[in-house]
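Shown here: coords.txt, compact mmCIF, C-alpha atoms.
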```
# COMPACT_ATOMS: atom_id res chain seq x y z
CA MET V 1 10.33 19.34 15.69
CA ASP V 2 7.80 18.73 18.44
CA ASN V 3 5.75 15.62 18.93
CA VAL V 4 4.87 14.17 15.50
CA VAL V 5 2.72 11.06 15.55
CA ARG V 6 2.56 8.95 12.40
CA VAL V 7 -0.72 7.20 11.71
CA LYS V 8 -0.19 4.09 9.59
CA ILE V 9 -2.59 2.26 7.29
CA ALA V 10 -5.63 0.95 9.21
CA ASP V 11 -4.66 2.86 12.32
CA LEU V 12 -5.75 5.93 14.30
CA ALA V 13 -4.26 8.21 16.94
CA VAL V 14 -5.40 11.05 19.23
CA ILE V 15 -3.37 13.77 20.93
CA ARG V 16 -4.11 16.90 22.97
CA GLU V 17 -2.83 20.49 22.67
CA LEU V 18 0.69 19.85 21.47
CA GLY V 19 2.00 18.03 18.49
CA THR V 20 1.05 16.98 14.99
CA LEU V 21 -0.69 13.96 13.58
CA VAL V 22 0.48 12.85 10.14
CA THR V 23 -0.60 10.13 7.78
CA ILE V 24 1.62 9.58 4.77
CA GLY V 25 0.34 8.61 1.38
CA LEU V 26 -3.42 8.23 1.28
CA GLY V 27 -4.24 6.55 -2.01
CA SER V 28 -7.70 5.07 -2.17
CA CYS V 29 -7.61 5.11 1.63
CA VAL V 30 -9.29 8.03 3.41
CA GLY V 31 -7.82 10.14 6.20
CA ILE V 32 -10.26 11.57 8.76
CA ALA V 33 -8.95 14.54 10.75
CA ALA V 34 -11.22 15.39 13.68
CA TYR V 35 -10.82 18.29 16.11
CA ASP V 36 -12.40 19.80 19.19
CA PRO V 37 -11.28 23.47 19.22
CA LEU V 38 -12.08 24.11 22.89
CA THR V 39 -10.07 21.27 24.44
CA LYS V 40 -7.63 21.11 21.50
CA VAL V 41 -8.07 17.36 21.22
CA ALA V 42 -7.09 16.14 17.77
CA GLY V 43 -7.67 12.76 16.19
CA LEU V 44 -6.60 11.25 12.88
CA ALA V 45 -7.69 7.95 11.31
CA HIS V 46 -6.43 6.22 8.12
CA ILE V 47 -9.10 3.82 6.89
CA LEU V 48 -8.53 1.18 4.23
CA LEU V 49 -12.01 -0.19 3.54
CA SER V 50 -15.56 1.04 3.75
CA ASP V 51 -17.65 -1.58 5.46
CA SER V 52 -16.66 -3.86 8.36
CA THR V 53 -19.82 -5.97 8.07
CA LYS V 54 -18.46 -7.53 4.87
CA PHE V 55 -15.47 -8.89 6.82
CA PRO V 56 -16.68 -10.94 9.78
CA LYS V 57 -13.10 -12.05 10.47
CA GLY V 58 -11.82 -8.49 10.85
CA THR V 59 -10.64 -7.52 14.30
CA ASN V 60 -9.19 -4.07 13.73
CA PRO V 61 -11.92 -1.39 13.87
CA ALA V 62 -9.52 1.33 12.65
CA LYS V 63 -9.42 -0.38 9.26
CA TYR V 64 -13.04 0.31 8.25
CA ALA V 65 -14.93 3.59 7.80
CA ASP V 66 -18.03 2.48 9.71
CA THR V 67 -16.11 1.37 12.80
CA ALA V 68 -13.18 3.82 12.73
CA VAL V 69 -15.34 6.97 13.04
CA PRO V 70 -17.08 5.92 16.31
CA LEU V 71 -13.76 4.68 17.70
CA LEU V 72 -12.02 7.95 16.81
CA ILE V 73 -14.70 9.94 18.62
CA LYS V 74 -14.56 7.64 21.63
CA GLU V 75 -10.79 8.01 21.89
CA MET V 76 -11.08 11.81 21.58
CA VAL V 77 -13.71 11.91 24.33
CA ARG V 78 -11.35 9.88 26.51
CA LEU V 79 -8.83 12.75 26.17
CA GLY V 80 -11.49 15.31 27.17
CA ALA V 81 -13.20 16.25 23.88
CA SER V 82 -16.93 16.79 23.69
CA PRO V 83 -18.67 14.87 20.88
CA HIS V 84 -20.84 17.96 20.14
CA ARG V 85 -17.83 20.13 19.36
CA ILE V 86 -15.93 17.66 17.15
CA LYS V 87 -15.72 18.64 13.48
CA ALA V 88 -13.96 16.77 10.70
CA LYS V 89 -12.02 17.25 7.48
CA ILE V 90 -11.27 14.39 5.12
CA ALA V 91 -8.80 13.60 2.33
CA GLY V 92 -7.89 10.71 0.04
CA GLY V 93 -10.15 8.34 -1.85
CA SER V 94 -8.30 8.65 -5.14
CA GLU V 95 -8.21 6.09 -7.92
CA MET V 96 -4.52 5.60 -8.51
CA PHE V 97 -4.46 2.83 -11.07
CA GLN V 98 -6.04 4.22 -14.20
CA THR V 99 -5.81 1.19 -16.44
CA TYR V 100 -8.02 -1.87 -16.44
CA ASN V 101 -8.85 -3.26 -13.07
CA ASN V 102 -12.30 -4.03 -11.81
CA GLY V 103 -12.05 -3.59 -8.04
CA LEU V 104 -9.44 -0.85 -7.83
CA LEU V 105 -11.46 1.70 -9.77
CA THR V 106 -14.22 2.13 -7.24
CA VAL V 107 -12.55 1.56 -3.89
CA GLY V 108 -11.60 5.20 -3.37
CA THR V 109 -15.05 6.53 -4.22
CA ASN V 110 -16.71 3.94 -1.98
CA ASN V 111 -14.40 4.78 0.88
CA VAL V 112 -15.27 8.49 0.65
CA LYS V 113 -18.99 7.75 0.59
CA ALA V 114 -18.70 5.41 3.58
CA VAL V 115 -16.72 7.95 5.61
CA LYS V 116 -19.30 10.68 4.93
CA LYS V 117 -22.08 8.34 5.97
CA ALA V 118 -20.28 7.35 9.18
CA LEU V 119 -19.63 11.02 10.04
CA ALA V 120 -23.29 11.90 9.43
CA LEU V 121 -24.42 9.00 11.63
CA ALA V 122 -22.14 10.23 14.40
CA ARG V 123 -23.41 13.81 13.85
CA VAL V 124 -19.95 15.14 13.14
CA PRO V 125 -20.03 18.07 10.66
CA LEU V 126 -17.71 17.80 7.67
CA LEU V 127 -15.93 21.14 7.24
CA ALA V 128 -13.71 20.44 4.24
CA GLU V 129 -12.57 17.71 1.92
CA ASP V 130 -9.87 17.07 -0.65
CA VAL V 131 -10.83 13.79 -2.27
CA GLY V 132 -10.76 11.89 -5.56
CA GLY V 133 -8.44 12.32 -8.51
CA SER V 134 -5.54 10.01 -9.17
CA VAL V 135 -2.84 11.15 -6.77
CA GLY V 136 -1.73 10.19 -3.28
CA ARG V 137 -2.03 12.67 -0.42
CA THR V 138 -0.23 13.20 2.87
CA MET V 139 -2.47 14.66 5.58
CA GLN V 140 -1.34 16.63 8.62
CA LEU V 141 -3.38 17.88 11.59
CA ASN V 142 -1.91 20.33 14.11
CA ALA V 143 -3.30 19.86 17.60
CA GLU V 144 -2.62 23.44 18.70
CA ASP V 145 -4.89 25.16 16.18
CA GLY V 146 -6.69 22.34 14.37
CA ARG V 147 -5.31 23.36 10.98
CA VAL V 148 -5.20 20.63 8.34
CA PHE V 149 -2.68 20.51 5.52
CA ILE V 150 -2.68 18.28 2.46
CA LYS V 151 0.43 17.58 0.43
CA LYS V 152 0.43 15.91 -2.95
CA VAL V 153 3.55 14.55 -4.67
CA GLY V 154 5.42 17.39 -6.38
CA GLN V 155 3.24 20.11 -4.84
CA GLU V 156 3.46 22.42 -1.84
CA PRO V 157 1.25 21.65 1.18
CA ARG V 158 -2.18 23.31 1.02
CA GLU V 159 -4.52 24.05 3.89
CA ILE V 160 -8.09 22.79 3.73
CA MET O 1 9.03 -9.77 10.18
CA LYS O 2 7.12 -12.28 12.24
CA LYS O 3 7.22 -15.88 11.10
CA LYS O 4 4.02 -17.40 12.25
CA PHE O 5 3.36 -20.23 9.90
CA ASP O 6 5.16 -23.52 9.71
CA ALA O 7 8.75 -23.86 8.62
CA PHE O 8 8.10 -26.07 5.61
CA LYS O 9 5.62 -23.66 4.03
CA TYR O 10 8.03 -20.86 4.73
CA ASP O 11 10.84 -22.68 2.90
CA LEU O 12 8.55 -23.52 0.03
CA LEU O 13 7.54 -19.90 -0.51
CA LYS O 14 11.15 -18.85 -0.20
CA GLU O 15 12.26 -21.36 -2.81
CA LEU O 16 9.49 -20.28 -5.19
CA GLY O 17 10.68 -16.72 -4.62
CA ASN O 18 14.25 -17.71 -5.49
CA ILE O 19 13.30 -19.48 -8.69
CA GLY O 20 10.81 -16.82 -9.71
CA MET O 21 13.28 -14.02 -9.24
CA GLY O 22 15.96 -16.08 -11.00
CA ASN O 23 13.70 -16.24 -14.06
CA ALA O 24 12.91 -12.56 -13.78
CA ALA O 25 16.53 -11.51 -13.34
CA SER O 26 17.72 -13.28 -16.47
CA SER O 27 14.97 -11.66 -18.56
CA LEU O 28 15.75 -8.28 -17.04
CA SER O 29 19.45 -8.74 -17.67
CA MET O 30 18.72 -9.40 -21.34
CA MET O 31 16.50 -6.35 -21.54
CA LEU O 32 19.26 -4.21 -20.04
CA MET O 33 21.78 -5.47 -22.61
CA ASP O 34 23.44 -8.13 -20.47
CA GLU O 35 23.96 -6.04 -17.42
CA ARG O 36 24.53 -8.06 -14.25
CA VAL O 37 21.46 -8.29 -11.97
CA ASN O 38 22.00 -9.28 -8.32
CA ILE O 39 19.09 -10.78 -6.40
CA HIS O 40 18.87 -10.95 -2.64
CA VAL O 41 17.61 -14.09 -0.95
CA PRO O 42 13.87 -13.61 -0.51
CA GLU O 43 12.40 -12.89 2.87
CA VAL O 44 9.10 -14.45 3.81
CA GLY O 45 7.09 -13.36 6.77
CA VAL O 46 3.82 -12.24 8.22
CA VAL O 47 3.49 -8.47 8.31
CA SER O 48 0.75 -6.20 9.65
CA LEU O 49 -0.98 -4.00 7.06
CA GLY O 50 0.36 -0.81 8.62
CA GLU O 51 3.94 -2.00 8.49
CA LEU O 52 3.95 -3.18 4.90
CA PRO O 53 5.26 0.12 3.43
CA ASP O 54 8.20 0.07 5.87
CA HIS O 55 9.30 -3.23 4.34
CA MET O 56 9.14 -1.82 0.82
CA ALA O 57 11.37 1.17 0.06
CA GLY O 58 9.78 3.23 2.93
CA PRO O 59 6.34 4.89 3.16
CA ASP O 60 7.24 8.39 1.96
CA ARG O 61 9.41 7.56 -1.02
CA ILE O 62 8.17 8.27 -4.51
CA VAL O 63 8.04 4.99 -6.38
CA ALA O 64 6.65 3.42 -9.51
CA GLY O 65 4.32 0.59 -8.54
CA ILE O 66 3.17 -2.10 -10.94
CA TYR O 67 0.26 -4.22 -9.85
CA VAL O 68 -0.77 -7.60 -11.20
CA GLN O 69 -3.58 -9.70 -9.86
CA VAL O 70 -3.33 -13.44 -10.37
CA GLY O 71 -6.30 -15.75 -10.55
CA GLY O 72 -6.87 -19.35 -11.65
CA ASP O 73 -5.77 -22.23 -9.41
CA MET O 74 -4.63 -19.81 -6.74
CA SER O 75 -5.09 -16.16 -6.02
CA LEU O 76 -2.24 -13.74 -5.50
CA HIS O 77 -1.59 -10.03 -5.50
CA MET O 78 1.78 -9.01 -6.85
CA ILE O 79 3.26 -5.56 -6.52
CA PHE O 80 6.56 -4.59 -8.00
CA ILE O 81 7.98 -1.36 -6.61
CA MET O 82 10.84 0.66 -7.99
CA PRO O 83 12.08 3.91 -6.42
CA ASP O 84 11.59 6.92 -8.69
CA GLU O 85 15.30 7.27 -9.56
CA SER O 86 15.50 3.60 -10.58
CA ALA O 87 12.35 3.91 -12.67
CA ARG O 88 13.80 6.87 -14.54
CA THR O 89 17.07 5.00 -15.07
CA ILE O 90 15.14 2.11 -16.62
CA ALA O 91 13.20 4.52 -18.83
CA ARG O 92 16.46 6.15 -19.91
CA ILE O 93 18.15 2.84 -20.75
CA LEU O 94 15.18 1.45 -22.65
CA THR O 95 13.89 4.54 -24.44
CA GLY O 96 16.92 6.83 -24.47
CA GLU O 97 15.01 9.77 -23.03
CA THR O 98 16.57 11.93 -20.37
CA SER O 99 13.73 14.24 -19.31
CA GLU O 100 12.82 14.76 -15.63
CA GLU O 101 9.21 13.74 -16.10
CA LEU O 102 8.36 10.22 -17.17
CA SER O 103 6.81 10.20 -20.62
CA GLU O 104 4.21 7.74 -21.80
CA MET O 105 6.98 5.74 -23.49
CA GLY O 106 9.00 5.72 -20.28
CA MET O 107 5.99 4.58 -18.27
CA SER O 108 5.30 1.76 -20.66
CA ALA O 109 8.96 0.64 -20.49
CA ILE O 110 8.66 0.49 -16.70
CA LEU O 111 5.35 -1.33 -16.97
CA GLU O 112 7.05 -3.90 -19.18
CA VAL O 113 9.82 -4.44 -16.62
CA GLY O 114 7.17 -4.97 -13.95
CA ASN O 115 5.44 -7.38 -16.26
CA ILE O 116 8.63 -9.42 -16.75
CA ILE O 117 9.39 -9.56 -13.04
CA THR O 118 5.89 -10.64 -12.03
CA ALA O 119 5.64 -13.12 -14.91
CA GLY O 120 8.92 -14.73 -13.74
CA TYR O 121 7.34 -15.45 -10.42
CA VAL O 122 4.01 -16.63 -11.81
CA ASN O 123 5.81 -19.01 -14.18
CA ALA O 124 7.89 -20.47 -11.36
CA ILE O 125 4.78 -21.37 -9.40
CA SER O 126 2.89 -22.70 -12.35
CA ASP O 127 5.85 -24.86 -13.52
CA LEU O 128 6.75 -26.26 -10.13
CA ALA O 129 3.28 -26.78 -8.74
CA GLY O 130 1.63 -27.61 -12.06
CA MET O 131 -1.01 -24.96 -11.53
CA ALA O 132 -2.80 -22.88 -14.12
CA LEU O 133 -2.39 -19.23 -13.17
CA ILE O 134 -3.92 -16.32 -15.00
CA PRO O 135 -2.31 -12.91 -14.44
CA SER O 136 -4.27 -9.72 -15.16
CA PRO O 137 -2.72 -7.07 -17.41
CA PRO O 138 -0.37 -4.94 -15.30
CA SER O 139 -1.37 -1.47 -14.08
CA ILE O 140 1.04 1.26 -13.07
CA ALA O 141 0.98 4.25 -10.72
CA VAL O 142 3.75 6.64 -9.65
CA ASP O 143 3.29 8.01 -6.14
CA LEU O 144 4.26 7.48 -2.48
CA THR O 145 4.85 3.85 -1.46
CA GLU O 146 2.17 4.02 1.21
CA ALA O 147 -0.45 5.43 -1.19
CA ILE O 148 0.23 2.69 -3.73
CA LEU O 149 0.28 -0.18 -1.24
CA GLY O 150 -2.80 1.13 0.59
CA THR O 151 -4.71 1.27 -2.68
CA ILE O 152 -3.75 -2.30 -3.54
CA LEU O 153 -4.59 -3.63 -0.08
CA ALA O 154 -7.96 -1.88 -0.32
CA GLY O 155 -8.59 -3.22 -3.83
CA ALA O 156 -7.64 -6.69 -2.67
CA GLU O 157 -10.15 -6.34 0.19
CA VAL O 158 -7.78 -8.10 2.57
CA ALA O 159 -9.90 -9.52 5.34
CA GLU O 160 -7.01 -10.34 7.67
CA ASP O 161 -5.05 -7.74 9.57
CA PHE O 162 -1.82 -9.41 8.51
CA VAL O 163 -0.52 -10.39 5.09
CA ILE O 164 1.99 -13.03 4.06
CA LEU O 165 4.76 -11.08 2.41
CA ILE O 166 7.30 -12.62 0.07
CA LYS O 167 9.81 -9.87 -0.48
CA THR O 168 12.66 -9.94 -2.96
CA GLU O 169 15.08 -7.16 -3.69
CA PHE O 170 17.45 -6.83 -6.58
CA GLU O 171 19.95 -4.34 -7.84
CA THR O 172 22.02 -3.95 -10.95
CA GLY O 173 25.73 -3.25 -11.15
CA LYS O 174 26.42 -0.22 -13.25
CA SER O 175 23.05 1.48 -13.54
CA GLU O 176 22.06 1.14 -9.85
CA ILE O 177 18.51 -0.03 -10.30
CA GLU O 178 16.71 -1.13 -7.17
CA GLY O 179 13.43 -3.03 -7.07
CA PHE O 180 11.16 -4.75 -4.56
CA LEU O 181 8.70 -7.48 -5.33
CA CYS O 182 5.92 -8.09 -2.88
CA VAL O 183 3.72 -11.13 -3.32
CA ILE O 184 0.63 -11.45 -1.19
CA PRO O 185 -1.06 -14.84 -1.40
CA ASP O 186 -4.17 -15.60 0.57
CA SER O 187 -3.68 -18.36 3.14
CA GLU O 188 -5.87 -20.84 1.20
CA SER O 189 -3.58 -20.38 -1.78
CA VAL O 190 -0.47 -21.13 0.25
CA ASP O 191 -2.13 -24.34 1.44
CA ALA O 192 -3.09 -25.24 -2.13
CA VAL O 193 0.51 -24.92 -3.40
CA TYR O 194 1.77 -26.84 -0.40
CA THR O 195 -0.63 -29.75 -0.98
CA LYS O 196 -0.01 -29.78 -4.71
CA MET O 197 3.77 -29.89 -4.30
CA LEU O 198 3.73 -32.59 -1.66
CA LYS O 199 1.14 -34.83 -3.26
CA GLY O 200 1.33 -33.80 -6.90
CA SER O 201 3.35 -35.68 -9.46
```
What is this file in structure tokens?
Amino acid sequence: MDNVVRVKIADLAVIRELGTLVTIGLGSCVGIAAYDPLTKVAGLAHILLSDSTKFPKGTNPAKYADTAVPLLIKEMVRLGASPHRIKAKIAGGSEMFQTYNNGLLTVGTNNVKAVKKALALARVPLLAEDVGGSVGRTMQLNAEDGRVFIKKVGQEPREI
Amino acid sequence: MKKKFDAFKYDLLKELGNIGMGNAASSLSMMLMDERVNIHVPEVGVVSLGELPDHMAGPDRIVAGIYVQVGGDMSLHMIFIMPDESARTIARILTGETSEELSEMGMSAILEVGNIITAGYVNAISDLAGMALIPSPPSIAVDLTEAILGTILAGAEVAEDFVILIKTEFETGKSEIEGFLCVIPDSESVDAVYTKMLKGS
């Protein structure tokens, strides 16, 4: 297997030309796979929460939708991508705990909304999404061709 | 695991973990018809959000996760995680079913085990520190460890980039059941227990 980079919770990574970015198990978190087809620069972020302004103590920009998107683009540009060519696909934002629980029932939906807003602000087109529902997803982005695969528990990977 | 906070608090959390799991293990043993339940000495440490799944069964394992939120005199998030095979073993022992998929009955048996384990811990704190703690009804999800923990961390809106993790593992003799309890207090809550136990009656 060639270069596989795992992106953990509240983390992001960028690579160029060779290799695969993977984030395992997106629940209510959202994975943002961004790609510049010309330079083959690929970036993947795994955000946990929607809005960094609610958490003045927070120091990790990769944790929040509003700060992770600009950081992802910046890191991709550093590897040679052009912001005008970057396009994104997203996955996650499910509501995994179905029974009673105030906060947990809206986190996924809010995260998806916040990611879409952050992408729109950064003028990054959203090409595809696989969001919502009640299952976890594993997201994979191949740097060579920009293809994105989503795998759910008990199912075969599917390209989006 | 990094140990960043002071040694006395660390020992206190560890001891609460011991007593809590002791309570939980005896209830579980009764539920499993007197089967022996071995508990490991709890580990307490400060863990980054991204590394949490690596401390609990591994990020890409399919697990049953039971989540209980505790409010009242202190606030805690408790997550009990059981690998898929162990969850099905529990369902088989308690309901007698042998199917591959977990039925609603099986799920509720697992939920009950999670309830017993988390209640053991909550009771230990409330007895020792004399605090009134109110646990929420438990919720259950079966999925990848990372998906479950990420969802809980997001729901908990953890402001810090690190969490205090009190981790306890147990296993049973003949049925090979494995479980992980993760307790995430906020730092104010740890201070509250500490003060209460030093100055309280």
Take CA of Ala114 in chain V and CA of Asp143 in chain O and report the distance between them in Å, one decimal.
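So the two atoms, CA of Ala114 in chain V and CA of Asp143 in chain O, lie 24.2 Å apart.
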(request) Tell me which of O:Ser103, O:Thr95, O:Thr151, O:Ser139 sits closest to Gly27 in chain V, counting all atoms listed in the file. (result)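 Nearest to Gly27 in chain V: O:Thr151.
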Find the distance between CA of Phe97 in chain V and CA of Glu160 in chain O and write it in Å to one decimal.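 Computing it gives 23.0 Å between the two atoms.
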If you measure from CA of Val77 in chain V to CA of Glu17 in chain V, what distance in Å do you get, rounded to one decimal?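 Going from CA of Val77 in chain V over to CA of Glu17 in chain V covers 14.0 Å.
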Closest-contact table, chain O side, partner chain V, 8 Å, counting all atoms listed in the file, as a tab-separated table:
```
residue	atom	partner	partner_atom	distance
O:Leu49	CA	V:Ile9	CA	6.5
O:Gly50	CA	V:Ile9	CA	4.5
O:Glu51	CA	V:Lys8	CA	7.4
O:Pro59	CA	V:Ile24	CA	6.8
O:Asp60	CA	V:Ile24	CA	6.4
O:Ile62	CA	V:Val153	CA	7.8
O:Pro137	CA	V:Tyr100	CA	7.5
O:Ser139	CA	V:Thr99	CA	5.7
O:Ile140	CA	V:Phe97	CA	6.1
O:Ala141	CA	V:Phe97	CA	5.6
O:Asp143	CA	V:Gly136	CA	6.2
O:Leu144	CA	V:Gly25	CA	5.6
O:Thr145	CA	V:Gly25	CA	7.1
O:Glu146	CA	V:Gly25	CA	4.9
O:Ala147	CA	V:Gly27	CA	4.0
O:Ile148	CA	V:Gly27	CA	6.2
O:Gly150	CA	V:Gly27	CA	6.2
O:Thr151	CA	V:Ser28	CA	4.9
O:Ile152	CA	V:Leu104	CA	7.3
O:Leu153	CA	V:Leu48	CA	7.6
O:Ala154	CA	V:Leu48	CA	5.5
O:Gly155	CA	V:Leu104	CA	4.7
O:Ala156	CA	V:Gly103	CA	7.6
O:Glu157	CA	V:Leu49	CA	7.2
O:Ala159	CA	V:Phe55	CA	5.8
O:Glu160	CA	V:Gly58	CA	6.1
O:Asp161	CA	V:Asn60	CA	6.9
```
Spatial sel., origin (3.6, -17.2, -12.3), limit 9 Å, only C-alpha atoms, listed as number ranges by chain: O: 20, 70, 118-127, 132-135
In terms of all atoms listed in the file, the residue from O:Asp73, O:Glu35, O:Glu101, O:Asp186 at minimal distance from Ala129 in chain O is O:Asp73
Test item: axis-aligned box, all listed atoms of range 92-98 of chain V, 6 Å on each side, centre and edges in Å rounded to one decimal, as lines of an AutoDock Vina configuration file:
```
center_x = -7.3
center_y = 6.8
center_z = -7.1
size_x = 17.7
size_y = 19.9
size_z = 26.2
```
Open item on the list: Give me, as a list in words, all polymer residues having an atom no more than 9 Å from range 173-180 of chain O, counting only C-alpha atoms and skipping those fewer than 6 positions away in the same chain.
Closed with: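 The residues satisfying every condition are Glu35, Arg36, Val37, Asn38, Met56, Ala57, Ile79, Phe80, Ile81, Met82, Pro83, Glu85, Ser86, Ala87, Thr89, Ile90, Ile93 and Lys167 of chain O.
Nearest to Leu111 in chain O of all the residues O:Ile166, O:Val142, O:Ile39, O:Leu13 is O:Val142, based on all atoms listed in the file.
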